[in-house]
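Asks: Take this structure first; my questions come after.
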Amino acid sequence: MEALGDFNTLQQQIQASLVAVTRSSQAISSEDLGFHRSLDPSLGRALDTQNARLLGLAERLLGNAASSTELVRPKLPDTDAVDASWSSVVDVIDSLLEKADISLDEYTGAVKRLSPSREQASTPTKSNKFSRISQALRTQDIPKPQQNFVDIPTNFESGPFKPLLDSKPHAIVPLTKALEPFKDENNVPHHRHPYQTEIEQYEYPSFVYTQAEPIPYLPYETTTAIFVDTEDKVDEMLQELRKAKEIAIDLEHHDSRSYIGIVSLMQISTREKDWVVDTLQPWRRKLSKLNEVFADPRILKVLHGAFMDITWLQRDLGLYVVGLFDTHFASRALGYSGGSLAFLLKKFVNFDAQKQYQTADWRIRPLPQEMFEYARSDTHFLLYVYDNMRNELIQKSDFSVADHEKDKIHDVLTRSRDTALQRYEHPVYDAAQGLGAGGWYKMLSRTPALLNKQQFSVFRAVHQWRDQVARQQDDSTHYVMANHNIFTLAKEMPTEKAGIFAAIQPASQTVRLRVDELLSTVVKAKEEGENGPDMVSMLKEIEAHLLGVPLHETPTHFAALKHSQPKQAAPAHSAPKAPILNRTDSSEPSGVRSKVSQFWGGLFGGKNQNEQPRPYSSNISLAVPLPALTAEVFASSAPVTAPPTPIQTPAAATPSSAQATPKDRVFTLKERGRKRNSDAMSTGNDSLATNADEIDLTADESLEAKREAKRQRKEQKKAEKEAAAQHAAEVDLEEEEFDYAAAPSVLEANKEDPRDRRKNKKEPKTKAFNPFVKALDTMKGMPRQQKERAGKSMTFRK
């Protein structure tokens, strides 16, 4: 396929191809392939060839997807291998979905782009100059720089995070008063944002609201950045930054071999110079002196996607930003098709960022020149991009509206201010309810799967074990064990080491070294899960707690769970095939059913949701009485008659002479498949009228005379039709016999002479003889969907 610059065109082509393949496969699968194989062996060989080709493509796709992970590449030599290796296929697909989830969070700005080193390990390199980088990333043997920090992270802090500040430049509220603790609505203590008052009262400079010609950036090829790796260089950079009106800031973060993550580089640019600061130095906490610039209200700070940068600056360096302009919010306000920094660089500068370094391991020292240039490019052009976006925001804003509905630049600045007010807090693990950024509740809420009590207990225990081990080793939880491996262990609940290694393929070094510890965790959780909480009930309680509503009014979104209940040991006398969710009260819906739709609101127009369906009645009256099905009914050739059904009427309103059932009960059945003619319609209407008159015992006797006259007219018409049919049969017998010898051959019958066609232009063209025309005159099968059609009414008398 030719490379397409437009992603939308490529996406449409891929979707069209997938739709075509799906339709073709469905059309083929609906046919009787076994029958066609028996008729045409070449067709069978062609199907086998295509089947092998599709399996090969699937195996290659799964192999490419598994190459960037620690998963085993599934082998699909034949169709049976699909079922045999299905668990491996599911693991690969789960890993892809997990990456897509992370990428969407990065794209929308929910999180900063991650930098797992194992991603970079799979990046192919074409030059030997990257061999050292690739080898280091592949083996992950880089020493942890956090072990050399003055303040080594312990990862077990449970109290509120105290800002890393010894002084507060540009303060409106003194530092001691700004750090006064407070308690939130859940009575949890916190320290206030040190610069909360300064950010809330901040007014952006007038040049932010002024349209001006964009200031050109310095040529990228003829300039370079200054690498700041000493305290003296920090002081020199600080002197230059104090003179600027706008600065651009960006961070490079590592989060694979660290539990909370590490800021590895910080890039700062002015209109004239670029700096790349090494933030892995032991004296990194001294970078808090940069608050003289970062908190200066006269200097505008331009960042892109600063949602995570703000918290990382607080956590590692003690830096706070006053006067933030986030170009990510500007791209959203302007309605750009992309929101990444690479998109903006391509749009305004026509600069192609080297995406292979986006997920690089920025702990590498000395820093390779290629990674150094990539880091520098993030901020070198950012102020020029800001100039263009500021002008466009001003042009598309309507400042005459008082409520800022059409003031796009005000919207961007408001969102940027809210981002700067974020506070970092220590990640506290909630084992009871699984809440928080690293809790198990988020994983289960995103995965539509039902676990039984034992599996649910194992899932929570393994998830907690992974978090504790990651804190002890100062590694990320994903480095210890992937999310899909936790689900696999919870579903299989292995009781031996071999089962652990079979469920986790390949196992990380941490799992291999701590397999005994992990196995005991699984076995203990499995035993405790027999009398443990139910997954659905607990999830419903958590949602009720989060929404602050009573448990029975929780509009839980777990009604979408449609997966089968996990297999459990069923009693010997019962073997249910469908999952059954137990209910503690039949009058109250199950935990997976919502009373109120989150999308539509109240269901059924406010009808009572607790209303039970009416029980089916066994007293069903038939409009047509059915005869007793006995042996005499099937043996006798006489017409079947239904037994008379007495009609109950009040004694006071019905005379005694009318209690007897009429002899000639008339009822009407409808014959489907034929059109009604006038006689049938009149007969049917008369029959209905007759039936109604006979049921009404108080009808006048004149109606009976009219009915008798109609019956006589009907019998007379029937006799006339029979006489006409008999006369026609007698006429046919008197015709001459057909002379087969003199008749023309059927092979030459109905052939036209071109001269006759020219002479008789207005005569209809005759059709050639078709000996198979009668073969098509057969009965058709019943259609899939029966529809009401016009028919003939027939009247029967009992």
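Residues in the structure tokens are numbered from 1 in each chain, the chains being A, B, ... in the order shown, and ligands are numbered from 1 in the order shown.
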Near Ala225 (chain A), counting only C-alpha atoms, which residues have an atom at most 7 Å away, once you skip same-chain residues fewer than 4 positions from it, shown as a PDB file with C-alpha atoms, in the first residue's frame?
Replies:
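Contents of part_30.pdb, as written:
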```pdb
ATOM      1  CA  LYS A 273      18.975  30.479  24.086  1.00  0.00           C
ATOM      2  CA  ASP A 274      18.166  26.861  24.935  1.00  0.00           C
ATOM      3  CA  TRP A 275      19.140  24.898  28.041  1.00  0.00           C
ATOM      4  CA  VAL A 276      18.910  21.185  28.828  1.00  0.00           C
ATOM      5  CA  ARG A 376      16.064  20.580  22.714  1.00  0.00           C
TER       6      ARG A 376
END
```
Asks: Quick one: pick out all alpha helix (DSSP H) residues within region 308-416 of chain A from a backbone DSSP run and write them as a PDB file with N, CA and C atoms, in the first residue's frame.
Replies:
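Below is the file that was written, states11.pdb:
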```pdb
ATOM      1  N   MET A 308       0.737  16.700  33.736  1.00  0.00           N
ATOM      2  CA  MET A 308       1.627  15.923  34.590  1.00  0.00           C
ATOM      3  C   MET A 308       2.903  16.678  34.924  1.00  0.00           C
ATOM      4  N   ASP A 309       3.323  17.597  34.056  1.00  0.00           N
ATOM      5  CA  ASP A 309       4.547  18.353  34.326  1.00  0.00           C
ATOM      6  C   ASP A 309       4.433  19.150  35.632  1.00  0.00           C
ATOM      7  N   ILE A 310       3.261  19.713  35.896  1.00  0.00           N
ATOM      8  CA  ILE A 310       3.070  20.525  37.098  1.00  0.00           C
ATOM      9  C   ILE A 310       3.315  19.699  38.357  1.00  0.00           C
ATOM     10  N   THR A 311       2.765  18.487  38.420  1.00  0.00           N
ATOM     11  CA  THR A 311       2.943  17.645  39.608  1.00  0.00           C
ATOM     12  C   THR A 311       4.367  17.105  39.693  1.00  0.00           C
ATOM     13  N   TRP A 312       4.994  16.796  38.568  1.00  0.00           N
ATOM     14  CA  TRP A 312       6.369  16.289  38.600  1.00  0.00           C
ATOM     15  C   TRP A 312       7.336  17.363  39.094  1.00  0.00           C
ATOM     16  N   THR A 327      -0.280  25.231  25.514  1.00  0.00           N
ATOM     17  CA  THR A 327      -0.627  25.191  24.086  1.00  0.00           C
ATOM     18  C   THR A 327      -1.528  24.004  23.747  1.00  0.00           C
ATOM     19  N   HIS A 328      -1.583  22.999  24.614  1.00  0.00           N
ATOM     20  CA  HIS A 328      -2.510  21.890  24.366  1.00  0.00           C
ATOM     21  C   HIS A 328      -3.955  22.369  24.430  1.00  0.00           C
ATOM     22  N   PHE A 329      -4.280  23.177  25.441  1.00  0.00           N
ATOM     23  CA  PHE A 329      -5.630  23.736  25.525  1.00  0.00           C
ATOM     24  C   PHE A 329      -5.905  24.695  24.369  1.00  0.00           C
ATOM     25  N   ALA A 330      -4.884  25.382  23.904  1.00  0.00           N
ATOM     26  CA  ALA A 330      -5.069  26.282  22.762  1.00  0.00           C
ATOM     27  C   ALA A 330      -5.406  25.502  21.502  1.00  0.00           C
ATOM     28  N   SER A 331      -4.754  24.367  21.281  1.00  0.00           N
ATOM     29  CA  SER A 331      -5.065  23.554  20.101  1.00  0.00           C
ATOM     30  C   SER A 331      -6.481  23.016  20.172  1.00  0.00           C
ATOM     31  N   ARG A 332      -6.969  22.699  21.365  1.00  0.00           N
ATOM     32  CA  ARG A 332      -8.349  22.223  21.509  1.00  0.00           C
ATOM     33  C   ARG A 332      -9.339  23.364  21.278  1.00  0.00           C
ATOM     34  N   ALA A 333      -9.028  24.528  21.794  1.00  0.00           N
ATOM     35  CA  ALA A 333      -9.934  25.661  21.606  1.00  0.00           C
ATOM     36  C   ALA A 333     -10.030  26.076  20.149  1.00  0.00           C
ATOM     37  N   LEU A 341       2.433  17.853  20.508  1.00  0.00           N
ATOM     38  CA  LEU A 341       3.472  18.832  20.196  1.00  0.00           C
ATOM     39  C   LEU A 341       4.058  18.565  18.816  1.00  0.00           C
ATOM     40  N   ALA A 342       4.199  17.306  18.441  1.00  0.00           N
ATOM     41  CA  ALA A 342       4.705  16.991  17.109  1.00  0.00           C
ATOM     42  C   ALA A 342       3.783  17.546  16.026  1.00  0.00           C
ATOM     43  N   PHE A 343       2.484  17.511  16.263  1.00  0.00           N
ATOM     44  CA  PHE A 343       1.537  18.068  15.292  1.00  0.00           C
ATOM     45  C   PHE A 343       1.728  19.579  15.152  1.00  0.00           C
ATOM     46  N   LEU A 344       1.905  20.281  16.259  1.00  0.00           N
ATOM     47  CA  LEU A 344       2.075  21.728  16.204  1.00  0.00           C
ATOM     48  C   LEU A 344       3.397  22.103  15.543  1.00  0.00           C
ATOM     49  N   LEU A 345       4.461  21.347  15.817  1.00  0.00           N
ATOM     50  CA  LEU A 345       5.744  21.632  15.176  1.00  0.00           C
ATOM     51  C   LEU A 345       5.653  21.436  13.666  1.00  0.00           C
ATOM     52  N   LYS A 346       4.934  20.421  13.248  1.00  0.00           N
ATOM     53  CA  LYS A 346       4.781  20.190  11.812  1.00  0.00           C
ATOM     54  C   LYS A 346       3.907  21.265  11.175  1.00  0.00           C
ATOM     55  N   LYS A 347       2.895  21.739  11.888  1.00  0.00           N
ATOM     56  CA  LYS A 347       1.956  22.704  11.332  1.00  0.00           C
ATOM     57  C   LYS A 347       2.581  24.085  11.172  1.00  0.00           C
ATOM     58  N   PHE A 348       3.289  24.543  12.195  1.00  0.00           N
ATOM     59  CA  PHE A 348       3.781  25.921  12.188  1.00  0.00           C
ATOM     60  C   PHE A 348       5.248  26.040  11.764  1.00  0.00           C
ATOM     61  N   GLN A 369      23.969  12.433  21.565  1.00  0.00           N
ATOM     62  CA  GLN A 369      23.707  13.692  20.876  1.00  0.00           C
ATOM     63  C   GLN A 369      22.344  13.700  20.218  1.00  0.00           C
ATOM     64  N   GLU A 370      21.901  12.555  19.687  1.00  0.00           N
ATOM     65  CA  GLU A 370      20.607  12.505  19.013  1.00  0.00           C
ATOM     66  C   GLU A 370      19.464  12.739  20.004  1.00  0.00           C
ATOM     67  N   MET A 371      19.565  12.154  21.186  1.00  0.00           N
ATOM     68  CA  MET A 371      18.539  12.384  22.204  1.00  0.00           C
ATOM     69  C   MET A 371      18.615  13.804  22.738  1.00  0.00           C
ATOM     70  N   PHE A 372      19.807  14.350  22.808  1.00  0.00           N
ATOM     71  CA  PHE A 372      19.972  15.734  23.250  1.00  0.00           C
ATOM     72  C   PHE A 372      19.271  16.699  22.292  1.00  0.00           C
ATOM     73  N   GLU A 373      19.437  16.478  20.982  1.00  0.00           N
ATOM     74  CA  GLU A 373      18.796  17.352  19.999  1.00  0.00           C
ATOM     75  C   GLU A 373      17.284  17.196  20.006  1.00  0.00           C
ATOM     76  N   TYR A 374      16.836  15.979  20.238  1.00  0.00           N
ATOM     77  CA  TYR A 374      15.378  15.774  20.307  1.00  0.00           C
ATOM     78  C   TYR A 374      14.784  16.512  21.500  1.00  0.00           C
ATOM     79  N   ALA A 375      15.447  16.436  22.652  1.00  0.00           N
ATOM     80  CA  ALA A 375      14.960  17.140  23.842  1.00  0.00           C
ATOM     81  C   ALA A 375      14.961  18.645  23.620  1.00  0.00           C
ATOM     82  N   ARG A 376      15.981  19.149  22.967  1.00  0.00           N
ATOM     83  CA  ARG A 376      16.064  20.580  22.714  1.00  0.00           C
ATOM     84  C   ARG A 376      14.952  21.062  21.796  1.00  0.00           C
ATOM     85  N   SER A 377      14.569  20.246  20.822  1.00  0.00           N
ATOM     86  CA  SER A 377      13.562  20.663  19.848  1.00  0.00           C
ATOM     87  C   SER A 377      12.182  20.862  20.477  1.00  0.00           C
ATOM     88  N   ASP A 378      11.936  20.266  21.633  1.00  0.00           N
ATOM     89  CA  ASP A 378      10.624  20.399  22.276  1.00  0.00           C
ATOM     90  C   ASP A 378      10.324  21.832  22.702  1.00  0.00           C
ATOM     91  N   THR A 379      11.370  22.590  23.032  1.00  0.00           N
ATOM     92  CA  THR A 379      11.148  23.964  23.505  1.00  0.00           C
ATOM     93  C   THR A 379      11.730  25.025  22.570  1.00  0.00           C
ATOM     94  N   HIS A 380      12.601  24.634  21.640  1.00  0.00           N
ATOM     95  CA  HIS A 380      13.254  25.631  20.781  1.00  0.00           C
ATOM     96  C   HIS A 380      12.230  26.393  19.939  1.00  0.00           C
ATOM     97  N   LEU A 382       8.811  26.378  20.599  1.00  0.00           N
ATOM     98  CA  LEU A 382       7.521  26.468  21.277  1.00  0.00           C
ATOM     99  C   LEU A 382       7.036  27.910  21.424  1.00  0.00           C
ATOM    100  N   LEU A 383       7.934  28.871  21.631  1.00  0.00           N
ATOM    101  CA  LEU A 383       7.504  30.266  21.753  1.00  0.00           C
ATOM    102  C   LEU A 383       6.996  30.807  20.420  1.00  0.00           C
ATOM    103  N   TYR A 384       7.583  30.388  19.315  1.00  0.00           N
ATOM    104  CA  TYR A 384       7.081  30.796  18.000  1.00  0.00           C
ATOM    105  C   TYR A 384       5.699  30.175  17.751  1.00  0.00           C
ATOM    106  N   VAL A 385       5.515  28.920  18.163  1.00  0.00           N
ATOM    107  CA  VAL A 385       4.198  28.286  18.041  1.00  0.00           C
ATOM    108  C   VAL A 385       3.178  29.023  18.894  1.00  0.00           C
ATOM    109  N   TYR A 386       3.593  29.440  20.085  1.00  0.00           N
ATOM    110  CA  TYR A 386       2.706  30.207  20.974  1.00  0.00           C
ATOM    111  C   TYR A 386       2.278  31.519  20.312  1.00  0.00           C
ATOM    112  N   ASP A 387       3.188  32.223  19.660  1.00  0.00           N
ATOM    113  CA  ASP A 387       2.840  33.483  18.991  1.00  0.00           C
ATOM    114  C   ASP A 387       1.745  33.275  17.964  1.00  0.00           C
ATOM    115  N   ASN A 388       1.879  32.262  17.143  1.00  0.00           N
ATOM    116  CA  ASN A 388       0.881  32.000  16.107  1.00  0.00           C
ATOM    117  C   ASN A 388      -0.463  31.597  16.710  1.00  0.00           C
ATOM    118  N   MET A 389      -0.459  30.762  17.714  1.00  0.00           N
ATOM    119  CA  MET A 389      -1.713  30.317  18.318  1.00  0.00           C
ATOM    120  C   MET A 389      -2.376  31.452  19.084  1.00  0.00           C
ATOM    121  N   ARG A 390      -1.602  32.318  19.740  1.00  0.00           N
ATOM    122  CA  ARG A 390      -2.179  33.472  20.445  1.00  0.00           C
ATOM    123  C   ARG A 390      -2.899  34.383  19.464  1.00  0.00           C
ATOM    124  N   ASN A 391      -2.269  34.669  18.310  1.00  0.00           N
ATOM    125  CA  ASN A 391      -2.915  35.519  17.306  1.00  0.00           C
ATOM    126  C   ASN A 391      -4.204  34.892  16.790  1.00  0.00           C
ATOM    127  N   GLU A 392      -4.181  33.601  16.572  1.00  0.00           N
ATOM    128  CA  GLU A 392      -5.380  32.928  16.058  1.00  0.00           C
ATOM    129  C   GLU A 392      -6.485  32.905  17.107  1.00  0.00           C
ATOM    130  N   LEU A 393      -6.124  32.749  18.366  1.00  0.00           N
ATOM    131  CA  LEU A 393      -7.128  32.793  19.427  1.00  0.00           C
ATOM    132  C   LEU A 393      -7.777  34.172  19.510  1.00  0.00           C
ATOM    133  N   ILE A 394      -6.980  35.215  19.379  1.00  0.00           N
ATOM    134  CA  ILE A 394      -7.522  36.576  19.430  1.00  0.00           C
ATOM    135  C   ILE A 394      -8.437  36.831  18.244  1.00  0.00           C
ATOM    136  N   GLN A 395      -8.051  36.352  17.060  1.00  0.00           N
ATOM    137  CA  GLN A 395      -8.865  36.561  15.866  1.00  0.00           C
ATOM    138  C   GLN A 395     -10.208  35.846  15.962  1.00  0.00           C
ATOM    139  N   LYS A 408     -12.099  32.814  23.338  1.00  0.00           N
ATOM    140  CA  LYS A 408     -11.313  31.589  23.331  1.00  0.00           C
ATOM    141  C   LYS A 408     -10.038  31.724  24.154  1.00  0.00           C
ATOM    142  N   ILE A 409      -9.405  32.864  24.108  1.00  0.00           N
ATOM    143  CA  ILE A 409      -8.160  33.007  24.846  1.00  0.00           C
ATOM    144  C   ILE A 409      -8.426  33.006  26.351  1.00  0.00           C
ATOM    145  N   HIS A 410      -9.576  33.545  26.764  1.00  0.00           N
ATOM    146  CA  HIS A 410      -9.931  33.474  28.186  1.00  0.00           C
ATOM    147  C   HIS A 410     -10.148  32.029  28.605  1.00  0.00           C
ATOM    148  N   ASP A 411     -10.733  31.220  27.736  1.00  0.00           N
ATOM    149  CA  ASP A 411     -10.949  29.810  28.041  1.00  0.00           C
ATOM    150  C   ASP A 411      -9.613  29.093  28.218  1.00  0.00           C
ATOM    151  N   VAL A 412      -8.650  29.359  27.345  1.00  0.00           N
ATOM    152  CA  VAL A 412      -7.333  28.721  27.443  1.00  0.00           C
ATOM    153  C   VAL A 412      -6.629  29.135  28.730  1.00  0.00           C
ATOM    154  N   LEU A 413      -6.670  30.401  29.067  1.00  0.00           N
ATOM    155  CA  LEU A 413      -5.991  30.876  30.274  1.00  0.00           C
ATOM    156  C   LEU A 413      -6.654  30.326  31.536  1.00  0.00           C
ATOM    157  N   THR A 414      -7.976  30.185  31.524  1.00  0.00           N
ATOM    158  CA  THR A 414      -8.667  29.626  32.690  1.00  0.00           C
ATOM    159  C   THR A 414      -8.281  28.168  32.906  1.00  0.00           C
ATOM    160  N   ARG A 415      -8.249  27.395  31.811  1.00  0.00           N
ATOM    161  CA  ARG A 415      -7.842  25.989  31.934  1.00  0.00           C
ATOM    162  C   ARG A 415      -6.382  25.874  32.356  1.00  0.00           C
ATOM    163  N   SER A 416      -5.554  26.762  31.863  1.00  0.00           N
ATOM    164  CA  SER A 416      -4.141  26.741  32.261  1.00  0.00           C
ATOM    165  C   SER A 416      -3.986  27.070  33.736  1.00  0.00           C
TER     166      SER A 416
END
```
Asks: Can you tell me, as a PyMOL selection string, what residues are no more than 9 Å from region 492-505 of chain A when counting only C-alpha atoms, ignoring any on the same chain fewer than 5 positions away?
Replies: chain A and resi 70-72+88+454-455+458+481+485-487+511-512+515-516+518-520+522-523+526
Asks: Just the residues within 8 Å of region 432-437 of chain A, please, counting only C-alpha atoms, with nothing from its chain fewer than 5 positions along; format it as number ranges by chain.
Replies: A: 427, 442, 542
Asks: Restricting the calculation to only C-alpha atoms, which member of A:Ser397, A:Gln468, A:Gln473, A:Asn531 is positioned closest to Pro153 (chain A)?
Replies: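 Distance minimum relative to Pro153 (chain A) lands on A:Gln473.
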Asks: List every residue of region 249-442 of chain A that DSSP, applied to the backbone of this structure, assigns to strand (DSSP E), and report them as a list in words.
Replies: Ile249, Asp250, Leu251, Glu252, His253, His254, Ile262, Val263, Ser264, Leu265, Met266, Gln267, Ile268, Ser269, Asp274, Trp275, Val276, Val277, Asp278, Leu300, Lys301, Val302, Leu303, Leu324, Phe325 and Asp326 of chain A
Asks: Nearest to Trp465 (chain A): which of A:Glu517, A:Glu231, A:Asp352, A:Asp418 is it, counting only C-alpha atoms?
Replies: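 That would be A:Glu517, the residue with the smallest distance to Trp465 (chain A).
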Asks: Quick one: distance from CA of Thr447 (chain A) to CA of His484 (chain A) in Å, one decimal?
Replies: 10.2 Å
Asks: Here is a test: counting only C-alpha atoms, which residue of A:Gly305, A:Thr359, A:Pro160, A:Pro41 is nearest to Phe182 (chain A)?
Replies: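 For Phe182 (chain A), the nearest of the given residues is A:Pro160.
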